[in-house]
Amino acid sequence: MWPRGGALRAWAGSRGGRACSGGGGAAYTQGQSPEPRTREYFYYVDHQGQLFLDDSKMKNFVTCFKDPQFLVTFFSRLRPNRSGRYEAAFPFLSPCGRERNFLRCEDQPVVFTHLLAAGPGAPRLSYCGGGEALTVPFEPARLLPLAANGRLYHPAPERAGGVGLVRSALAFELSACFESEPGVPALPSYVRWQGRRFALTMDLAPLLPAAPQG
């Protein structure tokens with residue numbers, strides 16, 4: 001994914017190959033080579049959709065990855081981790097040739113950050129800093145407000161788990177479109193979008209059997 005001698009490898013080298021303990025107590029070294037010509041890197045995505053090296057001590061807007069091309073490449077290749085390595089601690093994997101890029105997440109690996117509703121086309125949700133290159137069709141009726149944690153979810157690509165988190169700022173904007181049944185104000189039952197009223201299907205609920213921790 002990264003050119004030979006690129007920024008990530010330079011970063012890994014500057015750390016001197018220090019061993020780290022990531023999610024679930026898994027031990028690793030950024031850039032480790034468990035077999036010839038294979039490298040492994042470890043990442044973390046937060047509830048705002050920001051991507052970090054997993055062992056970064058400071059995780060904020062300054063330290064997250066921002067290059068759109070890198071983010072599009074990383075998230076477009078994301079899939080469940082069935083590599084036989086770090087599956088419990090890093091449940092997702094973004095492979096690139098002989099590089100394995102493991103990912104764990106605060107909530108979901110896909111975080112929707114922007115609603116692209118301008119122009120003649122149908123609205124789309126953009127995720128994880130990819131702009132127009134990382135989008136799914138916006139399906140208002142399939143929005144899922146989860147009472148257990150107060151967060152909002154929307155369908156995501158199947159290869160990335162099928163459900164994504166809506167970033168809090170965008171969720172707040174969309175909350176103005178929700179309507180509740182009379183006498184049941186806690187949880188919305190409908191969403192009003194572009195002059196139409198849709199009943200929320202709640203079909204994503206089985207994909208979120210418990211409130212995500214974070």
# chains A, B, ... in the order shown; residues from 1 in each chain; ligands from 1
$ select_by_dssp --residues "range 5-184 of chain A" --states "alpha helix (DSSP H)" --output "PyMOL selection string"
chain A and resi 7-14+68-76+168-175
$ residues_around --residues "Arg167 in chain A" --least-positions-apart "5" --cutoff "8 Å" --atoms "only C-alpha atoms" --output "compact mmCIF listing (two decimals) with N, CA and C atoms, in the first residue's frame"
# COMPACT_ATOMS: atom_id res chain seq x y z
N HIS A 47 -14.61 6.87 17.08
CA HIS A 47 -16.03 7.07 16.78
C HIS A 47 -16.27 8.27 15.88
N GLN A 48 -15.22 9.03 15.56
CA GLN A 48 -15.35 10.14 14.62
C GLN A 48 -14.88 9.74 13.22
N GLY A 49 -14.45 8.49 13.06
CA GLY A 49 -13.97 8.02 11.77
C GLY A 49 -12.53 8.37 11.49
N VAL A 111 -17.30 4.67 9.67
CA VAL A 111 -17.94 5.80 10.36
C VAL A 111 -18.33 6.82 9.31
N PHE A 112 -19.62 7.07 9.19
CA PHE A 112 -20.11 8.04 8.21
C PHE A 112 -19.91 9.46 8.75
N THR A 113 -19.27 10.28 7.93
CA THR A 113 -18.89 11.61 8.39
C THR A 113 -19.62 12.74 7.68
N LEU A 152 -26.22 6.56 16.41
CA LEU A 152 -27.01 6.35 15.21
C LEU A 152 -26.20 5.51 14.22
$ closest_atom_pairs --of "range 76-188 of chain A" --to "range 50-60 of chain A" --cutoff "12 Å" --atoms "only C-alpha atoms" --output "tab-separated table"
residue	atom	partner	partner_atom	distance
A:Ala89	CA	A:Asp54	CA	11.2
A:Phe90	CA	A:Asp54	CA	10.0
A:Asn101	CA	A:Leu53	CA	10.1
A:Phe102	CA	A:Asp54	CA	9.2
A:Leu103	CA	A:Asp54	CA	8.0
A:Arg104	CA	A:Asp54	CA	8.1
A:Cys105	CA	A:Leu51	CA	9.1
A:Glu106	CA	A:Gln50	CA	10.4
A:Asp107	CA	A:Gln50	CA	11.9
A:Gln108	CA	A:Gln50	CA	11.6
A:Pro109	CA	A:Leu51	CA	9.6
A:Val110	CA	A:Gln50	CA	10.1
A:Val111	CA	A:Gln50	CA	8.5
A:Phe112	CA	A:Gln50	CA	10.6
A:Thr113	CA	A:Gln50	CA	9.7
A:Tyr127	CA	A:Gln50	CA	9.9
A:Cys128	CA	A:Gln50	CA	6.5
A:Gly129	CA	A:Gln50	CA	7.6
A:Gly130	CA	A:Gln50	CA	10.9
A:Arg167	CA	A:Gln50	CA	10.3
$ write_last_selection --atoms "N, CA, C and O atoms" --output "PDB file, in the first residue's frame"
ATOM      1  N   ALA A  89      -8.272  -9.494  18.599  1.00  0.00           N
ATOM      2  CA  ALA A  89      -7.887  -8.138  18.974  1.00  0.00           C
ATOM      3  C   ALA A  89      -8.093  -7.138  17.848  1.00  0.00           C
ATOM      4  O   ALA A  89      -8.419  -5.970  18.094  1.00  0.00           O
ATOM      5  N   PHE A  90      -7.892  -7.584  16.608  1.00  0.00           N
ATOM      6  CA  PHE A  90      -8.028  -6.717  15.437  1.00  0.00           C
ATOM      7  C   PHE A  90      -8.970  -7.418  14.453  1.00  0.00           C
ATOM      8  O   PHE A  90      -8.518  -8.162  13.588  1.00  0.00           O
ATOM      9  N   ASN A 101      -2.620  -5.146   7.115  1.00  0.00           N
ATOM     10  CA  ASN A 101      -2.915  -3.945   7.891  1.00  0.00           C
ATOM     11  C   ASN A 101      -4.133  -4.230   8.771  1.00  0.00           C
ATOM     12  O   ASN A 101      -5.262  -4.257   8.297  1.00  0.00           O
ATOM     13  N   PHE A 102      -3.865  -4.499  10.050  1.00  0.00           N
ATOM     14  CA  PHE A 102      -4.910  -4.911  10.984  1.00  0.00           C
ATOM     15  C   PHE A 102      -5.607  -3.686  11.562  1.00  0.00           C
ATOM     16  O   PHE A 102      -4.976  -2.652  11.817  1.00  0.00           O
ATOM     17  N   LEU A 103      -6.906  -3.819  11.805  1.00  0.00           N
ATOM     18  CA  LEU A 103      -7.697  -2.700  12.323  1.00  0.00           C
ATOM     19  C   LEU A 103      -8.601  -3.139  13.464  1.00  0.00           C
ATOM     20  O   LEU A 103      -9.285  -4.157  13.378  1.00  0.00           O
ATOM     21  N   ARG A 104      -8.592  -2.343  14.524  1.00  0.00           N
ATOM     22  CA  ARG A 104      -9.612  -2.451  15.564  1.00  0.00           C
ATOM     23  C   ARG A 104     -10.332  -1.113  15.612  1.00  0.00           C
ATOM     24  O   ARG A 104      -9.845  -0.106  15.093  1.00  0.00           O
ATOM     25  N   CYS A 105     -11.501  -1.086  16.225  1.00  0.00           N
ATOM     26  CA  CYS A 105     -12.302   0.128  16.187  1.00  0.00           C
ATOM     27  C   CYS A 105     -12.976   0.382  17.535  1.00  0.00           C
ATOM     28  O   CYS A 105     -13.260  -0.547  18.291  1.00  0.00           O
ATOM     29  N   GLU A 106     -13.228   1.643  17.793  1.00  0.00           N
ATOM     30  CA  GLU A 106     -13.930   2.022  19.013  1.00  0.00           C
ATOM     31  C   GLU A 106     -15.367   1.525  18.984  1.00  0.00           C
ATOM     32  O   GLU A 106     -15.915   1.120  20.004  1.00  0.00           O
ATOM     33  N   ASP A 107     -15.978   1.577  17.796  1.00  0.00           N
ATOM     34  CA  ASP A 107     -17.367   1.141  17.651  1.00  0.00           C
ATOM     35  C   ASP A 107     -17.501   0.283  16.405  1.00  0.00           C
ATOM     36  O   ASP A 107     -17.553  -0.938  16.489  1.00  0.00           O
ATOM     37  N   GLN A 108     -17.539   0.914  15.233  1.00  0.00           N
ATOM     38  CA  GLN A 108     -17.618   0.210  13.963  1.00  0.00           C
ATOM     39  C   GLN A 108     -16.457   0.637  13.071  1.00  0.00           C
ATOM     40  O   GLN A 108     -15.963   1.764  13.195  1.00  0.00           O
ATOM     41  N   PRO A 109     -16.012  -0.212  12.133  1.00  0.00           N
ATOM     42  CA  PRO A 109     -14.902   0.169  11.262  1.00  0.00           C
ATOM     43  C   PRO A 109     -15.267   1.245  10.248  1.00  0.00           C
ATOM     44  O   PRO A 109     -14.399   1.980   9.783  1.00  0.00           O
ATOM     45  N   VAL A 110     -16.542   1.317   9.891  1.00  0.00           N
ATOM     46  CA  VAL A 110     -17.024   2.364   8.989  1.00  0.00           C
ATOM     47  C   VAL A 110     -17.746   3.418   9.812  1.00  0.00           C
ATOM     48  O   VAL A 110     -18.668   3.110  10.578  1.00  0.00           O
ATOM     49  N   VAL A 111     -17.303   4.669   9.667  1.00  0.00           N
ATOM     50  CA  VAL A 111     -17.943   5.795  10.364  1.00  0.00           C
ATOM     51  C   VAL A 111     -18.327   6.825   9.312  1.00  0.00           C
ATOM     52  O   VAL A 111     -17.468   7.381   8.613  1.00  0.00           O
ATOM     53  N   PHE A 112     -19.623   7.073   9.193  1.00  0.00           N
ATOM     54  CA  PHE A 112     -20.112   8.045   8.214  1.00  0.00           C
ATOM     55  C   PHE A 112     -19.915   9.457   8.747  1.00  0.00           C
ATOM     56  O   PHE A 112     -20.333   9.775   9.863  1.00  0.00           O
ATOM     57  N   THR A 113     -19.268  10.280   7.934  1.00  0.00           N
ATOM     58  CA  THR A 113     -18.891  11.613   8.388  1.00  0.00           C
ATOM     59  C   THR A 113     -19.624  12.744   7.684  1.00  0.00           C
ATOM     60  O   THR A 113     -19.781  13.814   8.252  1.00  0.00           O
ATOM     61  N   TYR A 127     -17.766   8.161   4.106  1.00  0.00           N
ATOM     62  CA  TYR A 127     -17.219   7.630   5.362  1.00  0.00           C
ATOM     63  C   TYR A 127     -15.694   7.685   5.422  1.00  0.00           C
ATOM     64  O   TYR A 127     -14.993   7.647   4.420  1.00  0.00           O
ATOM     65  N   CYS A 128     -15.218   7.843   6.643  1.00  0.00           N
ATOM     66  CA  CYS A 128     -13.799   7.693   7.004  1.00  0.00           C
ATOM     67  C   CYS A 128     -12.852   8.553   6.181  1.00  0.00           C
ATOM     68  O   CYS A 128     -11.733   8.131   5.860  1.00  0.00           O
ATOM     69  N   GLY A 129     -13.260   9.763   5.860  1.00  0.00           N
ATOM     70  CA  GLY A 129     -12.361  10.709   5.211  1.00  0.00           C
ATOM     71  C   GLY A 129     -12.133  10.482   3.740  1.00  0.00           C
ATOM     72  O   GLY A 129     -11.241  11.098   3.149  1.00  0.00           O
ATOM     73  N   GLY A 130     -12.933   9.624   3.112  1.00  0.00           N
ATOM     74  CA  GLY A 130     -12.717   9.303   1.702  1.00  0.00           C
ATOM     75  C   GLY A 130     -13.455  10.180   0.716  1.00  0.00           C
ATOM     76  O   GLY A 130     -13.325   9.980  -0.495  1.00  0.00           O
ATOM     77  N   ARG A 167     -21.243   9.574  12.530  1.00  0.00           N
ATOM     78  CA  ARG A 167     -20.511  10.467  13.424  1.00  0.00           C
ATOM     79  C   ARG A 167     -21.465  11.389  14.171  1.00  0.00           C
ATOM     80  O   ARG A 167     -22.496  11.802  13.652  1.00  0.00           O
TER      81      ARG A 167
END
$ closest_residue --among "A:Gln69, A:Ser76, A:Ser33, A:Ser175" --to "Val136 in chain A" --atoms "only C-alpha atoms"
A:Ser76
$ atom_distance --atom1 "CA of Val163 in chain A" --atom2 "CA of Leu116 in chain A"
18.5 Å
$ closest_residue --among "A:Pro68, A:Pro123, A:Pro145, A:Pro34" --to "Arg98 in chain A" --atoms "only C-alpha atoms"
A:Pro34
$ select_by_dssp --residues "range 2-196 of chain A" --states "strand (DSSP E or B)" --output "number ranges by chain"
A: 20-21, 27-28, 32, 39-45, 51-53, 79-80, 92-96, 99-105, 111-116, 124-127, 135-137, 144-146, 151-155, 163-166, 178-179, 181, 184, 190-193, 196
$ closest_residue --among "A:Leu207, A:Ala176, A:Ala199, A:Ala169" --to "Glu139 in chain A" --atoms "only C-alpha atoms"
A:Ala199
$ atom_distance --atom1 "CA of Phe92 in chain A" --atom2 "CA of Leu174 in chain A"
28.2 Å
$ closest_residue --among "A:Pro80, A:Gly195, A:Gly150, A:Pro155" --to "Phe138 in chain A" --atoms "only C-alpha atoms"
A:Pro155
$ closest_residue --among "A:Gln194, A:Met202, A:Asp67, A:Thr73" --to "Tyr153 in chain A" --atoms "only C-alpha atoms"
A:Met202
$ closest_residue --among "A:Ala205, A:Val191, A:His114, A:Ala147" --to "Leu170 in chain A" --atoms "only C-alpha atoms"
A:His114
$ atom_distance --atom1 "CA of Lys66 in chain A" --atom2 "CA of Leu208 in chain A"
28.6 Å
$ residues_around --residues "Asp203 in chain A" --least-positions-apart "4" --cutoff "9 Å" --atoms "only C-alpha atoms" --output "ChimeraX atom specification"
/A:142-144,207
$ write_last_selection --atoms "all heavy atoms" --output "JSON list (two decimals), in the first residue's frame"
[["chain", "number", "residue", "atom", "x", "y", "z"],
["A", 142, "ARG", "N", -33.53, 3.21, 6.83],
["A", 142, "ARG", "CA", -32.73, 2.18, 7.49],
["A", 142, "ARG", "C", -31.80, 2.75, 8.56],
["A", 142, "ARG", "O", -30.97, 2.02, 9.10],
["A", 142, "ARG", "CB", -31.95, 1.38, 6.45],
["A", 142, "ARG", "CG", -32.86, 0.66, 5.44],
["A", 142, "ARG", "CD", -32.06, -0.22, 4.53],
["A", 142, "ARG", "NE", -31.49, -1.36, 5.26],
["A", 142, "ARG", "CZ", -30.50, -2.12, 4.78],
["A", 142, "ARG", "NH1", -29.95, -1.85, 3.61],
["A", 142, "ARG", "NH2", -30.05, -3.15, 5.49],
["A", 143, "LEU", "N", -31.93, 4.03, 8.84],
["A", 143, "LEU", "CA", -31.20, 4.59, 9.98],
["A", 143, "LEU", "C", -31.65, 3.88, 11.25],
["A", 143, "LEU", "O", -32.85, 3.60, 11.43],
["A", 143, "LEU", "CB", -31.47, 6.09, 10.09],
["A", 143, "LEU", "CG", -30.81, 6.98, 9.05],
["A", 143, "LEU", "CD1", -31.41, 8.38, 9.09],
["A", 143, "LEU", "CD2", -29.29, 7.05, 9.26],
["A", 144, "LEU", "N", -30.69, 3.60, 12.12],
["A", 144, "LEU", "CA", -31.02, 2.89, 13.36],
["A", 144, "LEU", "C", -30.54, 3.70, 14.56],
["A", 144, "LEU", "O", -29.35, 3.75, 14.85],
["A", 144, "LEU", "CB", -30.35, 1.51, 13.39],
["A", 144, "LEU", "CG", -30.50, 0.74, 14.70],
["A", 144, "LEU", "CD1", -31.97, 0.37, 14.96],
["A", 144, "LEU", "CD2", -29.62, -0.51, 14.71],
["A", 207, "LEU", "N", -27.55, -6.83, 13.76],
["A", 207, "LEU", "CA", -26.10, -6.69, 13.57],
["A", 207, "LEU", "C", -25.43, -6.01, 14.76],
["A", 207, "LEU", "O", -24.20, -5.96, 14.84],
["A", 207, "LEU", "CB", -25.81, -5.90, 12.30],
["A", 207, "LEU", "CG", -26.33, -6.50, 11.00],
["A", 207, "LEU", "CD1", -25.99, -5.60, 9.82],
["A", 207, "LEU", "CD2", -25.78, -7.90, 10.78]]
$ residues_around --residues "Glu99 in chain A" --least-positions-apart "4" --cutoff "10 Å" --atoms "only C-alpha atoms" --output "list of chain:residue names"
A:Met1, A:Trp2, A:Gly31, A:Ser33, A:Arg37, A:Thr38, A:Arg39, A:Glu40, A:Tyr41, A:Ser94, A:Pro95
